[in-house]
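File shown here: input02.cif, holding mmCIF, C-alpha atoms.
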data_target
loop_
_atom_site.group_PDB
_atom_site.id
_atom_site.type_symbol
_atom_site.label_atom_id
_atom_site.label_comp_id
_atom_site.auth_asym_id
_atom_site.auth_seq_id
_atom_site.Cartn_x
_atom_site.Cartn_y
_atom_site.Cartn_z
ATOM 1 C CA MET Y 76 -51.859 -159.044 -0.686
ATOM 2 C CA LYS Y 77 -48.501 -158.325 0.959
ATOM 3 C CA ASN Y 78 -49.723 -154.874 1.976
ATOM 4 C CA PHE Y 79 -52.871 -156.315 3.544
ATOM 5 C CA ALA Y 80 -50.872 -158.909 5.479
ATOM 6 C CA LEU Y 81 -48.426 -156.237 6.657
ATOM 7 C CA PHE Y 82 -51.310 -153.946 7.662
ATOM 8 C CA THR Y 83 -53.002 -156.795 9.572
ATOM 9 C CA PHE Y 84 -49.745 -157.591 11.352
ATOM 10 C CA PHE Y 85 -49.283 -153.960 12.514
ATOM 11 C CA VAL Y 86 -52.900 -153.732 13.677
ATOM 12 C CA PHE Y 87 -52.406 -156.931 15.702
ATOM 13 C CA ILE Y 88 -49.190 -155.616 17.281
ATOM 14 C CA PHE Y 89 -50.855 -152.272 18.082
ATOM 15 C CA LYS Y 90 -53.859 -153.947 19.722
ATOM 16 C CA LEU Y 91 -51.559 -156.250 21.668
ATOM 17 C CA SER Y 92 -49.576 -153.293 23.024
ATOM 18 C CA VAL Y 93 -52.763 -151.381 23.918
ATOM 19 C CA CYS Y 94 -54.099 -154.424 25.767
ATOM 20 C CA GLN Y 95 -50.786 -154.795 27.602
ATOM 21 C CA ASN Y 96 -50.842 -151.117 28.639
ATOM 22 C CA ASP Y 97 -54.465 -151.419 29.789
ATOM 23 C CA ASN Y 98 -53.504 -154.454 31.876
ATOM 24 C CA ASP Y 99 -50.564 -152.564 33.390
ATOM 25 C CA MET Y 100 -52.843 -149.679 34.410
ATOM 26 C CA ASN Y 101 -55.245 -152.104 36.055
ATOM 27 C CA GLN Y 102 -52.573 -153.260 38.485
ATOM 28 C CA THR Y 103 -53.082 -152.828 42.211
ATOM 29 C CA ILE Y 104 -50.867 -152.911 45.261
ATOM 30 C CA TYR Y 105 -52.261 -156.367 46.049
ATOM 31 C CA GLN Y 106 -50.008 -158.060 43.497
ATOM 32 C CA PHE Y 107 -46.894 -157.345 45.563
ATOM 33 C CA LYS Y 108 -45.133 -159.507 48.104
ATOM 34 C CA VAL Y 109 -42.086 -158.046 49.821
ATOM 35 C CA LYS Y 110 -39.789 -158.958 52.693
ATOM 36 C CA ASP Y 111 -40.471 -157.323 56.020
ATOM 37 C CA ILE Y 112 -37.675 -156.016 58.217
ATOM 38 C CA THR Y 113 -37.310 -159.437 59.885
ATOM 39 C CA GLY Y 114 -37.057 -161.266 56.544
ATOM 40 C CA LYS Y 115 -40.594 -162.695 56.491
ATOM 41 C CA THR Y 116 -42.859 -162.408 53.457
ATOM 42 C CA PHE Y 117 -45.307 -159.516 53.640
ATOM 43 C CA ASP Y 118 -48.210 -159.946 51.203
ATOM 44 C CA PHE Y 119 -50.115 -156.782 50.316
ATOM 45 C CA GLU Y 120 -53.077 -159.020 49.481
ATOM 46 C CA ASN Y 121 -53.594 -159.254 53.245
ATOM 47 C CA LEU Y 122 -54.316 -155.510 53.286
ATOM 48 C CA ARG Y 123 -57.164 -155.742 50.758
ATOM 49 C CA GLY Y 124 -59.897 -153.256 51.606
ATOM 50 C CA LYS Y 125 -57.659 -151.113 53.836
ATOM 51 C CA LYS Y 126 -56.330 -147.649 53.266
ATOM 52 C CA ILE Y 127 -52.512 -147.787 52.993
ATOM 53 C CA MET Y 128 -49.797 -145.166 53.345
ATOM 54 C CA ILE Y 129 -46.468 -146.271 51.882
ATOM 55 C CA VAL Y 130 -43.501 -144.166 52.953
ATOM 56 C CA ASN Y 131 -39.778 -144.417 52.288
ATOM 57 C CA THR Y 132 -37.913 -143.841 55.530
ATOM 58 C CA ALA Y 133 -34.408 -143.010 56.731
ATOM 59 C CA SER Y 134 -32.834 -142.931 60.202
ATOM 60 C CA LYS Y 135 -30.327 -140.128 59.672
ATOM 61 C CA CYS Y 136 -32.432 -137.527 57.882
ATOM 62 C CA GLY Y 137 -33.679 -134.115 58.960
ATOM 63 C CA LEU Y 138 -37.175 -135.567 58.510
ATOM 64 C CA THR Y 139 -36.567 -138.680 60.650
ATOM 65 C CA GLY Y 140 -38.749 -137.181 63.393
ATOM 66 C CA GLN Y 141 -41.707 -137.960 61.112
ATOM 67 C CA TYR Y 142 -41.543 -141.497 62.502
ATOM 68 C CA ARG Y 143 -43.300 -140.055 65.564
ATOM 69 C CA GLY Y 144 -46.162 -138.673 63.452
ATOM 70 C CA LEU Y 145 -46.414 -141.846 61.390
ATOM 71 C CA GLN Y 146 -46.754 -143.898 64.575
ATOM 72 C CA LYS Y 147 -49.424 -141.542 65.973
ATOM 73 C CA LEU Y 148 -51.307 -141.751 62.669
ATOM 74 C CA TYR Y 149 -51.110 -145.541 62.717
ATOM 75 C CA ASP Y 150 -52.238 -145.730 66.350
ATOM 76 C CA ARG Y 151 -55.193 -143.442 65.665
ATOM 77 C CA TYR Y 152 -56.538 -145.257 62.586
ATOM 78 C CA LYS Y 153 -55.221 -148.836 62.670
ATOM 79 C CA ASP Y 154 -58.551 -150.150 63.978
ATOM 80 C CA SER Y 155 -60.447 -148.224 61.284
ATOM 81 C CA GLY Y 156 -58.970 -149.891 58.208
ATOM 82 C CA PHE Y 157 -55.748 -147.878 57.809
ATOM 83 C CA VAL Y 158 -52.120 -148.988 57.863
ATOM 84 C CA VAL Y 159 -48.724 -147.337 57.452
ATOM 85 C CA VAL Y 160 -46.045 -149.394 55.689
ATOM 86 C CA GLY Y 161 -42.460 -148.138 55.939
ATOM 87 C CA PHE Y 162 -39.719 -148.888 53.429
ATOM 88 C CA PRO Y 163 -36.228 -147.925 54.599
ATOM 89 C CA ALA Y 164 -34.127 -146.670 51.680
ATOM 90 C CA ASN Y 165 -30.567 -145.409 51.438
ATOM 91 C CA ASP Y 166 -31.084 -143.438 48.209
ATOM 92 C CA PHE Y 167 -30.674 -139.892 49.512
ATOM 93 C CA LEU Y 168 -27.256 -138.874 50.833
ATOM 94 C CA TRP Y 169 -26.730 -142.295 52.429
ATOM 95 C CA GLN Y 170 -29.136 -141.427 55.251
ATOM 96 C CA GLU Y 171 -30.176 -145.047 55.894
ATOM 97 C CA PRO Y 172 -26.851 -146.915 56.121
ATOM 98 C CA GLY Y 173 -27.827 -149.530 58.707
ATOM 99 C CA SER Y 174 -28.829 -153.157 58.365
ATOM 100 C CA ASP Y 175 -32.466 -154.197 58.703
ATOM 101 C CA LYS Y 176 -31.820 -155.240 62.302
ATOM 102 C CA GLU Y 177 -30.174 -151.906 63.149
ATOM 103 C CA ILE Y 178 -33.045 -150.003 61.508
ATOM 104 C CA ALA Y 179 -35.656 -152.025 63.411
ATOM 105 C CA ASN Y 180 -33.876 -151.415 66.720
ATOM 106 C CA PHE Y 181 -33.538 -147.689 65.987
ATOM 107 C CA CYS Y 182 -37.233 -147.323 65.097
ATOM 108 C CA GLU Y 183 -38.444 -149.223 68.148
ATOM 109 C CA LYS Y 184 -36.068 -147.612 70.641
ATOM 110 C CA ASN Y 185 -36.406 -144.000 69.456
ATOM 111 C CA TYR Y 186 -39.965 -143.823 68.127
ATOM 112 C CA GLY Y 187 -41.817 -146.890 69.398
ATOM 113 C CA VAL Y 188 -42.637 -147.915 65.834
ATOM 114 C CA THR Y 189 -45.163 -150.751 65.639
ATOM 115 C CA PHE Y 190 -46.449 -150.223 62.099
ATOM 116 C CA PRO Y 191 -45.134 -152.674 59.490
ATOM 117 C CA MET Y 192 -41.563 -151.956 58.420
ATOM 118 C CA MET Y 193 -40.092 -153.677 55.378
ATOM 119 C CA SER Y 194 -36.596 -154.690 54.428
ATOM 120 C CA LYS Y 195 -34.408 -151.913 53.022
ATOM 121 C CA ILE Y 196 -34.936 -151.321 49.290
ATOM 122 C CA SER Y 197 -34.094 -148.797 46.585
ATOM 123 C CA VAL Y 198 -36.830 -146.322 45.656
ATOM 124 C CA LYS Y 199 -35.129 -144.726 42.652
ATOM 125 C CA GLY Y 200 -32.626 -145.382 39.896
ATOM 126 C CA SER Y 201 -31.802 -148.577 38.046
ATOM 127 C CA GLY Y 202 -32.213 -150.700 41.178
ATOM 128 C CA MET Y 203 -35.697 -149.356 41.957
ATOM 129 C CA HIS Y 204 -37.866 -151.978 43.637
ATOM 130 C CA PRO Y 205 -40.851 -153.157 41.500
ATOM 131 C CA LEU Y 206 -43.283 -151.799 44.116
ATOM 132 C CA TYR Y 207 -41.833 -148.319 43.634
ATOM 133 C CA GLN Y 208 -41.937 -148.767 39.863
ATOM 134 C CA PHE Y 209 -45.681 -149.278 40.336
ATOM 135 C CA LEU Y 210 -45.971 -146.228 42.601
ATOM 136 C CA THR Y 211 -44.014 -143.900 40.285
ATOM 137 C CA GLN Y 212 -45.096 -144.910 36.766
ATOM 138 C CA PHE Y 213 -48.452 -143.882 35.311
ATOM 139 C CA GLY Y 214 -48.322 -146.850 32.945
ATOM 140 C CA LYS Y 215 -48.397 -149.156 35.969
ATOM 141 C CA ASN Y 216 -50.536 -147.260 38.507
ATOM 142 C CA GLY Y 217 -52.968 -145.477 36.162
ATOM 143 C CA TYR Y 218 -52.869 -142.360 38.370
ATOM 144 C CA LYS Y 219 -49.704 -140.341 37.894
ATOM 145 C CA SER Y 220 -46.010 -140.552 37.149
ATOM 146 C CA SER Y 221 -43.777 -139.192 39.884
ATOM 147 C CA SER Y 222 -40.321 -139.477 41.270
ATOM 148 C CA VAL Y 223 -39.408 -139.970 44.891
ATOM 149 C CA SER Y 224 -37.924 -136.593 45.722
ATOM 150 C CA TRP Y 225 -36.582 -137.355 49.220
ATOM 151 C CA ASN Y 226 -37.015 -139.493 52.316
ATOM 152 C CA PHE Y 227 -40.531 -139.665 53.786
ATOM 153 C CA GLN Y 228 -42.473 -139.227 50.557
ATOM 154 C CA LYS Y 229 -45.928 -140.685 51.131
ATOM 155 C CA TYR Y 230 -48.044 -142.678 48.672
ATOM 156 C CA LEU Y 231 -51.689 -143.092 49.631
ATOM 157 C CA ILE Y 232 -53.464 -146.201 48.384
ATOM 158 C CA GLY Y 233 -57.255 -146.471 48.440
ATOM 159 C CA THR Y 234 -59.342 -149.385 49.617
ATOM 160 C CA ASP Y 235 -59.403 -150.638 46.013
ATOM 161 C CA GLY Y 236 -55.598 -151.065 46.036
ATOM 162 C CA LYS Y 237 -55.003 -148.186 43.622
ATOM 163 C CA LEU Y 238 -52.757 -145.172 44.066
ATOM 164 C CA LYS Y 239 -54.873 -142.132 44.983
ATOM 165 C CA LYS Y 240 -52.543 -139.407 46.211
ATOM 166 C CA ILE Y 241 -48.873 -138.495 46.576
ATOM 167 C CA ILE Y 242 -47.790 -136.458 49.605
ATOM 168 C CA THR Y 243 -44.493 -134.568 49.578
ATOM 169 C CA PRO Y 244 -41.738 -135.505 52.037
ATOM 170 C CA ARG Y 245 -41.971 -132.291 54.055
ATOM 171 C CA THR Y 246 -45.724 -132.665 54.598
ATOM 172 C CA ALA Y 247 -46.210 -133.968 58.122
ATOM 173 C CA PRO Y 248 -47.994 -137.305 58.562
ATOM 174 C CA LEU Y 249 -50.605 -135.611 60.777
ATOM 175 C CA SER Y 250 -51.236 -132.779 58.301
ATOM 176 C CA GLU Y 251 -54.785 -131.745 57.490
ATOM 177 C CA GLU Y 252 -54.293 -132.995 53.920
ATOM 178 C CA VAL Y 253 -53.515 -136.525 55.131
ATOM 179 C CA LEU Y 254 -56.097 -136.584 57.914
ATOM 180 C CA ASP Y 255 -58.881 -135.349 55.605
ATOM 181 C CA TRP Y 256 -58.077 -138.063 53.078
ATOM 182 C CA ILE Y 257 -58.053 -140.798 55.709
ATOM 183 C CA GLU Y 258 -61.236 -139.529 57.341
ATOM 184 C CA GLN Y 259 -63.109 -139.565 54.030
ATOM 185 C CA ASP Y 260 -62.093 -143.138 53.434
ATOM 186 C CA VAL Y 261 -62.707 -144.258 57.007
ATOM 187 C CA MET Y 262 -66.194 -142.744 56.939
ATOM 188 C CA ALA Y 263 -66.961 -144.526 53.654
ATOM 189 C CA VAL Y 264 -65.749 -147.859 55.086
ATOM 190 C CA ASN Y 265 -67.781 -147.401 58.277
ATOM 191 C CA GLU Y 266 -70.926 -146.573 56.247
ATOM 192 C CA ARG Y 267 -70.572 -149.882 54.379
ATOM 193 C CA LEU Y 268 -70.289 -151.880 57.612
#

Taking this structure as input, can you express it in the form of structure tokens?
Amino acid sequence: MKNFALFTFFVFIFKLSVCQNDNDMNQTIYQFKVKDITGKTFDFENLRGKKIMIVNTASKCGLTGQYRGLQKLYDRYKDSGFVVVGFPANDFLWQEPGSDKEIANFCEKNYGVTFPMMSKISVKGSGMHPLYQFLTQFGKNGYKSSSVSWNFQKYLIGTDGKLKKIITPRTAPLSEEVLDWIEQDVMAVNERL
């Protein structure tokens, strides 16, 4: 009888852990609320049904010029169900040392950034923001495990709120790979309308 009770207990624990993992992999971006660069709450739920590019940014990086491409991408597709969301991070060689206010001023003055920018966070290590835990862990996103390799890594989220593609930092925002992915999604959205 003890063996049966022990067996039943382990089966219950196993099923509980499988259910928990299944629930984790069913997560979407819509569960997250973050602070924007002005300190206001930014709720990803408000982006439901849109295509989203999440990118970690830095103001003093060799790739900082990508802000220009990100803004052009946003301008081109913002009325077609696409949005860029920037997350300043100081995780790579201290290339984003400024305050949120300094970062916002830099982005506006130098690149005319109008896409949503969030408050500075950490995208790696023990202080990794929960949103980036979702983006980098297969057990949470159900797509792929990854690590943020440098500033301007791009995570593409589909209209269902799930991670669909990871774009390397050196790949330009206006690359064919990115544009093709957006165009496919935009065409699908327009066909439904």

Choose the residue, out of Y:Ile129, Y:Ser134, Y:Thr211, Y:Ser197, that has the smallest atom-to-atom separation from Pro172 (chain Y); count only C-alpha atoms. Y:Ser134

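Protein, DNA and RNA residues at most 9 Å from (-55.7, -155.4, 51.5), with all atoms listed in the file, are these: Ile104, Tyr105, Asp118, Phe119, Glu120, Asn121, Leu122, Arg123, Gly124, Lys125, Lys126, Ile127, Thr234, Asp235 and Gly236 of chain Y.
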
Can you give me, as a PDB file with C-alpha atoms, in the frame of the given file, the residues this file yields under the PyMOL selection byres ((chain Y and resi 176-193) around 6)?
ATOM      1  CA  LYS Y 110     -39.789-158.958  52.693  1.00  0.00           C
ATOM      2  CA  ASP Y 111     -40.471-157.323  56.020  1.00  0.00           C
ATOM      3  CA  ILE Y 112     -37.675-156.016  58.217  1.00  0.00           C
ATOM      4  CA  ARG Y 143     -43.300-140.055  65.564  1.00  0.00           C
ATOM      5  CA  GLN Y 146     -46.754-143.898  64.575  1.00  0.00           C
ATOM      6  CA  VAL Y 159     -48.724-147.337  57.452  1.00  0.00           C
ATOM      7  CA  VAL Y 160     -46.045-149.394  55.689  1.00  0.00           C
ATOM      8  CA  GLY Y 161     -42.460-148.138  55.939  1.00  0.00           C
ATOM      9  CA  PHE Y 162     -39.719-148.888  53.429  1.00  0.00           C
ATOM     10  CA  GLY Y 173     -27.827-149.530  58.707  1.00  0.00           C
ATOM     11  CA  SER Y 174     -28.829-153.157  58.365  1.00  0.00           C
ATOM     12  CA  ASP Y 175     -32.466-154.197  58.703  1.00  0.00           C
ATOM     13  CA  SER Y 194     -36.596-154.690  54.428  1.00  0.00           C
TER      14      SER Y 194
END

Name every residue that the PyMOL selection byres ((chain Y and resi 204) around 12) selects in this structure, writing the answer as a list in words with chains first and numbers rising.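 Applied to this file, the PyMOL selection byres ((chain Y and resi 204) around 12) selects Phe107, Lys108, Val109, Lys110, Asn131, Phe162, Pro163, Ala164, Asp166, Ser194, Lys195, Ile196, Ser197, Val198, Lys199, Gly200, Ser201, Gly202, Met203, Pro205, Leu206, Tyr207, Gln208, Phe209, Leu210 and Thr211 of chain Y.
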
Please produce a file of those selected residues containing C-alpha atoms, as an mmCIF file, in the frame of the given file.
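selection13.cif written:
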data_model
loop_
_atom_site.group_PDB
_atom_site.id
_atom_site.type_symbol
_atom_site.label_atom_id
_atom_site.label_comp_id
_atom_site.auth_asym_id
_atom_site.auth_seq_id
_atom_site.Cartn_x
_atom_site.Cartn_y
_atom_site.Cartn_z
ATOM 1 C CA PHE Y 107 -46.894 -157.345 45.563
ATOM 2 C CA LYS Y 108 -45.133 -159.507 48.104
ATOM 3 C CA VAL Y 109 -42.086 -158.046 49.821
ATOM 4 C CA LYS Y 110 -39.789 -158.958 52.693
ATOM 5 C CA ASN Y 131 -39.778 -144.417 52.288
ATOM 6 C CA PHE Y 162 -39.719 -148.888 53.429
ATOM 7 C CA PRO Y 163 -36.228 -147.925 54.599
ATOM 8 C CA ALA Y 164 -34.127 -146.670 51.680
ATOM 9 C CA ASP Y 166 -31.084 -143.438 48.209
ATOM 10 C CA SER Y 194 -36.596 -154.690 54.428
ATOM 11 C CA LYS Y 195 -34.408 -151.913 53.022
ATOM 12 C CA ILE Y 196 -34.936 -151.321 49.290
ATOM 13 C CA SER Y 197 -34.094 -148.797 46.585
ATOM 14 C CA VAL Y 198 -36.830 -146.322 45.656
ATOM 15 C CA LYS Y 199 -35.129 -144.726 42.652
ATOM 16 C CA GLY Y 200 -32.626 -145.382 39.896
ATOM 17 C CA SER Y 201 -31.802 -148.577 38.046
ATOM 18 C CA GLY Y 202 -32.213 -150.700 41.178
ATOM 19 C CA MET Y 203 -35.697 -149.356 41.957
ATOM 20 C CA PRO Y 205 -40.851 -153.157 41.500
ATOM 21 C CA LEU Y 206 -43.283 -151.799 44.116
ATOM 22 C CA TYR Y 207 -41.833 -148.319 43.634
ATOM 23 C CA GLN Y 208 -41.937 -148.767 39.863
ATOM 24 C CA PHE Y 209 -45.681 -149.278 40.336
ATOM 25 C CA LEU Y 210 -45.971 -146.228 42.601
ATOM 26 C CA THR Y 211 -44.014 -143.900 40.285
#

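Of the residues listed (Y:Gly114, Y:Gln228, Y:Val223, Y:Glu258), Y:Gln228 shows the shortest atom-to-atom separation from Thr139 (chain Y); distances use all atoms listed in the file.
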
Using only C-alpha atoms, which of the listed residues (Y:Trp225, Y:Met128, Y:Ser250, Y:Lys215) sits closest to Gly156 (chain Y)?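 Among Y:Trp225, Y:Met128, Y:Ser250, Y:Lys215, it is Y:Met128 that comes nearest to Gly156 (chain Y).
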
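One finds CA of Gln141 (chain Y) at 6.7 Å from CA of Ala247 (chain Y).
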
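Here CA of Thr113 (chain Y) is placed at a distance of 18.6 Å from CA of Tyr142 (chain Y).
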
Produce the centre coordinates and the three edge lengths, each in Å to one decimal, of the box along x, y and z that contains all listed atoms of region 150-153 of chain Y with 3 Å added on each side, as JSON.
{"center_x": -54.4, "center_y": -146.1, "center_z": 64.5, "size_x": 10.3, "size_y": 11.4, "size_z": 9.8}

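Nearest to Leu138 (chain Y) of all the residues Y:Phe227, Y:Trp256, Y:Phe117, Y:Trp169 is Y:Phe227, counting only C-alpha atoms.
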
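When the PyMOL selection byres ((chain Y and resi 243) around 8) is run on the displayed coordinates, the residues it returns are Ser224, Phe227, Gln228, Lys229, Ile241, Ile242, Pro244, Arg245 and Thr246 of chain Y.
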
From the block you just saw, export region 183-207 of chain Y: N, CA and C atoms, as a short mmCIF file (atom, residue, chain, number, x, y, z; two decimals), in the first residue's frame.
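part_19.cif, written as the output of this step:
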data_model
loop_
_atom_site.label_atom_id
_atom_site.label_comp_id
_atom_site.auth_asym_id
_atom_site.auth_seq_id
_atom_site.Cartn_x
_atom_site.Cartn_y
_atom_site.Cartn_z
N GLU Y 183 15.33 61.48 -29.33
CA GLU Y 183 14.51 62.46 -30.05
C GLU Y 183 15.39 63.42 -30.84
N LYS Y 184 16.42 63.95 -30.19
CA LYS Y 184 17.27 64.96 -30.82
C LYS Y 184 18.07 64.38 -31.99
N ASN Y 185 18.64 63.19 -31.82
CA ASN Y 185 19.55 62.65 -32.83
C ASN Y 185 18.88 61.78 -33.89
N TYR Y 186 17.75 61.17 -33.54
CA TYR Y 186 17.13 60.22 -34.48
C TYR Y 186 15.64 60.44 -34.68
N GLY Y 187 15.07 61.42 -34.02
CA GLY Y 187 13.64 61.69 -34.18
C GLY Y 187 12.76 60.53 -33.77
N VAL Y 188 13.17 59.78 -32.77
CA VAL Y 188 12.44 58.58 -32.36
C VAL Y 188 11.06 58.93 -31.83
N THR Y 189 10.05 58.30 -32.42
CA THR Y 189 8.67 58.46 -31.94
C THR Y 189 8.05 57.12 -31.56
N PHE Y 190 8.74 56.01 -31.85
CA PHE Y 190 8.20 54.72 -31.43
C PHE Y 190 8.34 54.58 -29.91
N PRO Y 191 7.53 53.73 -29.29
CA PRO Y 191 7.54 53.62 -27.84
C PRO Y 191 8.90 53.18 -27.30
N MET Y 192 9.41 53.98 -26.37
CA MET Y 192 10.65 53.64 -25.66
C MET Y 192 10.30 53.41 -24.20
N MET Y 193 10.89 52.37 -23.63
CA MET Y 193 10.62 51.99 -22.25
C MET Y 193 11.73 52.45 -21.33
N SER Y 194 11.49 52.32 -20.06
CA SER Y 194 12.48 52.64 -19.05
C SER Y 194 13.64 51.65 -19.16
N LYS Y 195 14.83 52.09 -18.80
CA LYS Y 195 16.02 51.25 -18.90
C LYS Y 195 15.87 50.00 -18.02
N ILE Y 196 16.24 48.86 -18.59
CA ILE Y 196 16.15 47.57 -17.88
C ILE Y 196 17.43 46.79 -18.10
N SER Y 197 17.50 45.60 -17.50
CA SER Y 197 18.57 44.66 -17.77
C SER Y 197 18.02 43.53 -18.64
N VAL Y 198 18.78 43.16 -19.68
CA VAL Y 198 18.32 42.13 -20.60
C VAL Y 198 19.12 40.84 -20.48
N LYS Y 199 19.98 40.76 -19.47
CA LYS Y 199 20.74 39.53 -19.24
C LYS Y 199 21.17 39.46 -17.77
N GLY Y 200 21.66 38.31 -17.38
CA GLY Y 200 22.18 38.14 -16.03
C GLY Y 200 21.11 37.97 -14.97
N SER Y 201 21.54 38.05 -13.72
CA SER Y 201 20.63 37.78 -12.60
C SER Y 201 19.54 38.85 -12.47
N GLY Y 202 19.78 40.03 -12.98
CA GLY Y 202 18.78 41.10 -12.91
C GLY Y 202 17.90 41.20 -14.15
N MET Y 203 17.92 40.16 -14.98
CA MET Y 203 17.16 40.19 -16.24
C MET Y 203 15.69 40.46 -15.98
N HIS Y 204 15.15 41.42 -16.72
CA HIS Y 204 13.73 41.78 -16.61
C HIS Y 204 12.86 40.58 -16.99
N PRO Y 205 11.71 40.38 -16.33
CA PRO Y 205 10.82 39.26 -16.65
C PRO Y 205 10.41 39.20 -18.13
N LEU Y 206 10.26 40.34 -18.78
CA LEU Y 206 9.92 40.33 -20.21
C LEU Y 206 11.02 39.63 -21.01
N TYR Y 207 12.27 39.92 -20.67
CA TYR Y 207 13.38 39.29 -21.38
C TYR Y 207 13.57 37.83 -20.96
#
